[in-house]
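Raw contents of data_39.tsv, TSV, C-alpha atoms:
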chain	number	residue	atom	x	y	z
E	1	MET	CA	-26.46	-13.51	-17.10
E	2	THR	CA	-27.37	-12.85	-13.47
E	3	ASP	CA	-29.75	-10.09	-12.39
E	4	LYS	CA	-26.78	-8.16	-10.95
E	5	GLN	CA	-24.86	-8.42	-14.24
E	6	ALA	CA	-27.94	-7.25	-16.19
E	7	LEU	CA	-28.28	-4.27	-13.85
E	8	GLU	CA	-24.58	-3.45	-14.22
E	9	LYS	CA	-25.02	-3.48	-18.00
E	10	LYS	CA	-27.92	-0.99	-17.71
E	11	ILE	CA	-25.91	1.24	-15.38
E	12	ILE	CA	-22.94	1.27	-17.77
E	13	ALA	CA	-25.28	2.23	-20.64
E	14	VAL	CA	-26.52	5.22	-18.62
E	15	LEU	CA	-22.91	6.20	-17.82
E	16	GLU	CA	-22.09	6.04	-21.55
E	17	ASP	CA	-24.95	8.47	-22.31
E	18	ASN	CA	-23.97	10.97	-19.60
E	19	PRO	CA	-20.53	12.58	-19.87
E	20	TYR	CA	-21.30	14.96	-16.97
E	21	CYS	CA	-22.50	14.52	-13.42
E	22	SER	CA	-23.18	16.41	-10.22
E	23	PHE	CA	-20.42	15.51	-7.77
E	24	GLY	CA	-20.91	15.94	-4.05
E	25	THR	CA	-18.36	15.96	-1.26
E	26	VAL	CA	-18.56	16.95	2.40
E	27	GLU	CA	-16.78	19.95	3.90
E	28	GLY	CA	-17.07	19.89	7.67
E	29	ASN	CA	-20.68	18.80	7.99
E	30	GLN	CA	-21.96	20.60	4.87
E	31	PRO	CA	-22.44	19.09	1.40
E	32	LYS	CA	-20.66	20.72	-1.55
E	33	VAL	CA	-21.83	19.90	-5.09
E	34	ARG	CA	-20.41	20.84	-8.47
E	35	TYR	CA	-20.74	19.69	-12.10
E	36	MET	CA	-17.89	17.62	-13.47
E	37	ALA	CA	-16.97	15.60	-16.54
E	38	LEU	CA	-17.53	11.92	-15.83
E	39	PHE	CA	-15.30	9.13	-17.11
E	40	HIS	CA	-15.70	5.44	-16.35
E	41	ASP	CA	-14.22	2.03	-16.85
E	42	GLY	CA	-17.16	-0.26	-16.24
E	43	LEU	CA	-18.44	0.75	-12.82
E	44	GLN	CA	-15.15	2.33	-11.73
E	45	LEU	CA	-15.68	6.10	-12.05
E	46	HIS	CA	-13.10	8.81	-12.67
E	47	LEU	CA	-13.18	12.60	-12.45
E	48	ALA	CA	-10.32	14.85	-13.57
E	49	THR	CA	-9.38	17.76	-11.35
E	50	SER	CA	-6.53	19.88	-10.06
E	51	ARG	CA	-4.70	18.86	-6.93
E	52	LYS	CA	-5.12	22.51	-5.80
E	53	THR	CA	-8.94	22.39	-5.57
E	54	HIS	CA	-11.08	22.39	-2.44
E	55	LYS	CA	-12.55	19.02	-3.39
E	56	VAL	CA	-9.15	17.38	-2.99
E	57	GLU	CA	-8.85	18.89	0.50
E	58	GLU	CA	-12.41	17.78	1.31
E	59	LEU	CA	-11.68	14.21	0.24
E	60	GLN	CA	-8.64	14.06	2.53
E	61	SER	CA	-10.97	14.68	5.48
E	62	ASN	CA	-13.91	12.61	4.22
E	63	PRO	CA	-13.65	10.24	1.21
E	64	HIS	CA	-17.43	9.67	0.94
E	65	VAL	CA	-18.95	11.08	-2.24
E	66	PHE	CA	-22.24	11.19	-4.13
E	67	LEU	CA	-22.77	11.48	-7.88
E	68	LEU	CA	-25.97	12.15	-9.79
E	69	ALA	CA	-26.04	11.50	-13.53
E	70	GLY	CA	-28.73	11.33	-16.18
E	71	TYR	CA	-31.13	14.18	-15.58
E	72	ASP	CA	-31.05	16.71	-18.41
E	73	GLY	CA	-33.80	19.07	-17.30
E	74	LYS	CA	-36.61	16.90	-18.66
E	75	TRP	CA	-38.16	13.74	-17.28
E	76	GLY	CA	-38.00	10.68	-19.45
E	77	ARG	CA	-34.41	9.53	-18.93
E	78	GLU	CA	-32.83	7.06	-16.57
E	79	VAL	CA	-31.02	8.64	-13.62
E	80	LEU	CA	-28.15	7.26	-11.54
E	81	SER	CA	-27.66	8.11	-7.85
E	82	ILE	CA	-24.23	6.86	-6.81
E	83	GLU	CA	-22.79	6.60	-3.30
E	84	GLY	CA	-19.11	5.76	-3.04
E	85	THR	CA	-15.65	6.59	-1.84
E	86	ALA	CA	-13.00	8.56	-3.70
E	87	ALA	CA	-9.24	8.39	-3.73
E	88	VAL	CA	-7.04	11.08	-5.26
E	89	THR	CA	-4.46	9.56	-7.59
E	90	SER	CA	-1.79	10.79	-9.97
E	91	ASP	CA	-1.30	7.32	-11.48
E	92	ASP	CA	0.23	7.98	-14.91
E	93	SER	CA	-1.69	5.24	-16.74
E	94	LEU	CA	-5.02	6.47	-15.36
E	95	ARG	CA	-4.21	10.11	-16.12
E	96	GLU	CA	-3.37	9.09	-19.70
E	97	LYS	CA	-6.55	7.02	-20.02
E	98	VAL	CA	-8.82	9.85	-18.79
E	99	TRP	CA	-7.01	12.63	-20.69
E	100	SER	CA	-8.96	14.40	-23.44
E	101	LYS	CA	-8.37	17.57	-25.41
E	102	GLU	CA	-11.15	19.28	-23.42
E	103	LEU	CA	-8.88	19.15	-20.36
E	104	LYS	CA	-6.33	21.41	-22.11
E	105	ARG	CA	-8.45	24.28	-20.84
E	106	TRP	CA	-7.08	23.61	-17.34
E	107	PHE	CA	-3.92	21.52	-17.78
E	108	SER	CA	-0.90	21.57	-20.09
E	109	GLY	CA	-1.18	17.83	-20.73
E	110	PRO	CA	-1.54	14.43	-19.06
E	111	ASP	CA	1.83	14.95	-17.36
E	112	ASP	CA	0.85	18.30	-15.77
E	113	PRO	CA	1.80	17.96	-12.08
E	114	ASP	CA	-1.49	19.56	-10.95
E	115	TYR	CA	-3.63	17.12	-12.97
E	116	VAL	CA	-5.03	14.34	-10.73
E	117	ILE	CA	-7.83	11.82	-10.98
E	118	LEU	CA	-10.54	11.22	-8.43
E	119	ASP	CA	-10.91	7.45	-8.59
E	120	ILE	CA	-14.37	6.58	-7.30
E	121	THR	CA	-15.45	3.17	-6.12
E	122	PRO	CA	-19.25	2.94	-5.97
E	123	GLN	CA	-20.74	1.23	-2.94
E	124	ARG	CA	-24.40	1.67	-3.92
E	125	ILE	CA	-26.04	2.74	-7.17
E	126	GLU	CA	-29.72	3.46	-7.67
E	127	LEU	CA	-30.99	3.36	-11.25
E	128	THR	CA	-34.29	5.22	-11.51
E	129	SER	CA	-36.28	4.66	-14.69
E	130	PRO	CA	-38.53	7.29	-16.30
E	131	ASP	CA	-41.56	5.61	-14.67
E	132	MET	CA	-39.82	6.00	-11.27
E	133	ASP	CA	-39.00	2.30	-10.86
E	134	VAL	CA	-35.81	2.03	-8.76
E	135	GLN	CA	-33.26	-0.78	-9.06
E	136	VAL	CA	-30.43	-0.96	-6.53
E	137	TRP	CA	-26.90	-2.25	-7.14
E	138	GLU	CA	-24.63	-2.75	-4.14
E	139	ARG	CA	-21.00	-3.81	-3.92
Go ahead and express the file in the form of structure tokens.
Amino acid sequence: MTDKQALEKKIIAVLEDNPYCSFGTVEGNQPKVRYMALFHDGLQLHLATSRKTHKVEELQSNPHVFLLAGYDGKWGREVLSIEGTAAVTSDDSLREKVWSKELKRWFSGPDDPDYVILDITPQRIELTSPDMDVQVWER
């Protein structure tokens, strides 16, 4: 196993332990951050949202995003800082894959026309350990 593969394995383990993240977009020249449920397939990240939200509009103007996952209010956990680009998709297979009963709060089902996925491709990921050691993964 290469060093990059070992790091990817660590990053995926942190993603598995963190079903929520802070998700940042840019509106004009100002950052906008909100908490969101985080889904992943390896290092490909997915966020469920409504096509009617401001974040979808923001991504049309600027696809660059930032995610922060891992911090739970106490030090002692690994934290991920993720820079990437996001695409808004209504791909049926991805909507089905990401769908969970928790999303019923906002959508009628995986075929709801307002239900879309933010498909995020990381470009750079920093994994910070509890002792503040930083490892960097780059595409």
Do a neighbour search on Val134 in chain E at 12 Å with all atoms listed in the file, toss out local chain neighbours closer than 5 positions, and write the hits as a ChimeraX atom specification.
/E:7,11,78-81,125-129
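Note that the spacing between CA of Met36 in chain E and CA of Tyr20 in chain E amounts to 5.6 Å.
Atom pair CA of Lys97 in chain E / CA of Leu118 in chain E: separated by 13.0 Å.
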Using CA of Glu16 in chain E and CA of His46 in chain E as the two end points, give the distance in Å to one decimal.
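Interatomic distance, CA of Glu16 in chain E to CA of His46 in chain E: 12.9 Å.
Ranking E:Ser61, E:Gln123, E:Thr53, E:Asn18 by their shortest atom-to-atom distance to Trp137 in chain E, with only C-alpha atoms included, puts E:Gln123 first.
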Enclose range 34-48 of chain E, meaning all of its atoms listed in the file, in a box aligned along x, y and z, pad it by 5 Å on each side, and list the centre and edge lengths in Å to one decimal, as JSON.
{"center_x": -15.5, "center_y": 10.3, "center_z": -12.8, "size_x": 20.4, "size_y": 31.1, "size_z": 18.6}
Excluding same-chain residues fewer than 4 positions from Cys21 in chain E, what lies within 6 Å of it counting all atoms listed in the file, as a CSV table (one decimal) with C-alpha atoms, keeping the file's coordinate frame?
chain,number,residue,atom,x,y,z
E,35,TYR,CA,-20.7,19.7,-12.1
E,36,MET,CA,-17.9,17.6,-13.5
E,68,LEU,CA,-26.0,12.2,-9.8
E,69,ALA,CA,-26.0,11.5,-13.5
Within 9 Å of Lys52 in chain E, counting all atoms listed in the file, which residues show up once you throw out same-chain ones fewer than 4 positions away? Write them as a list of chain:residue names, please.
E:Val56, E:Glu57, E:Asp114
Compare E:Met1, E:Trp75, E:Ser22, E:Asp119 by their minimum atom-to-atom distance to Asp41 in chain E, counting only C-alpha atoms, and give me the closest one.
E:Asp119
Nearest residue to Ala48 in chain E from the set E:Glu27, E:Asp3, E:Glu102, E:Asp72 (distances using all atoms listed in the file):
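Among the listed residues, the smallest separation from Ala48 in chain E belongs to E:Glu102.
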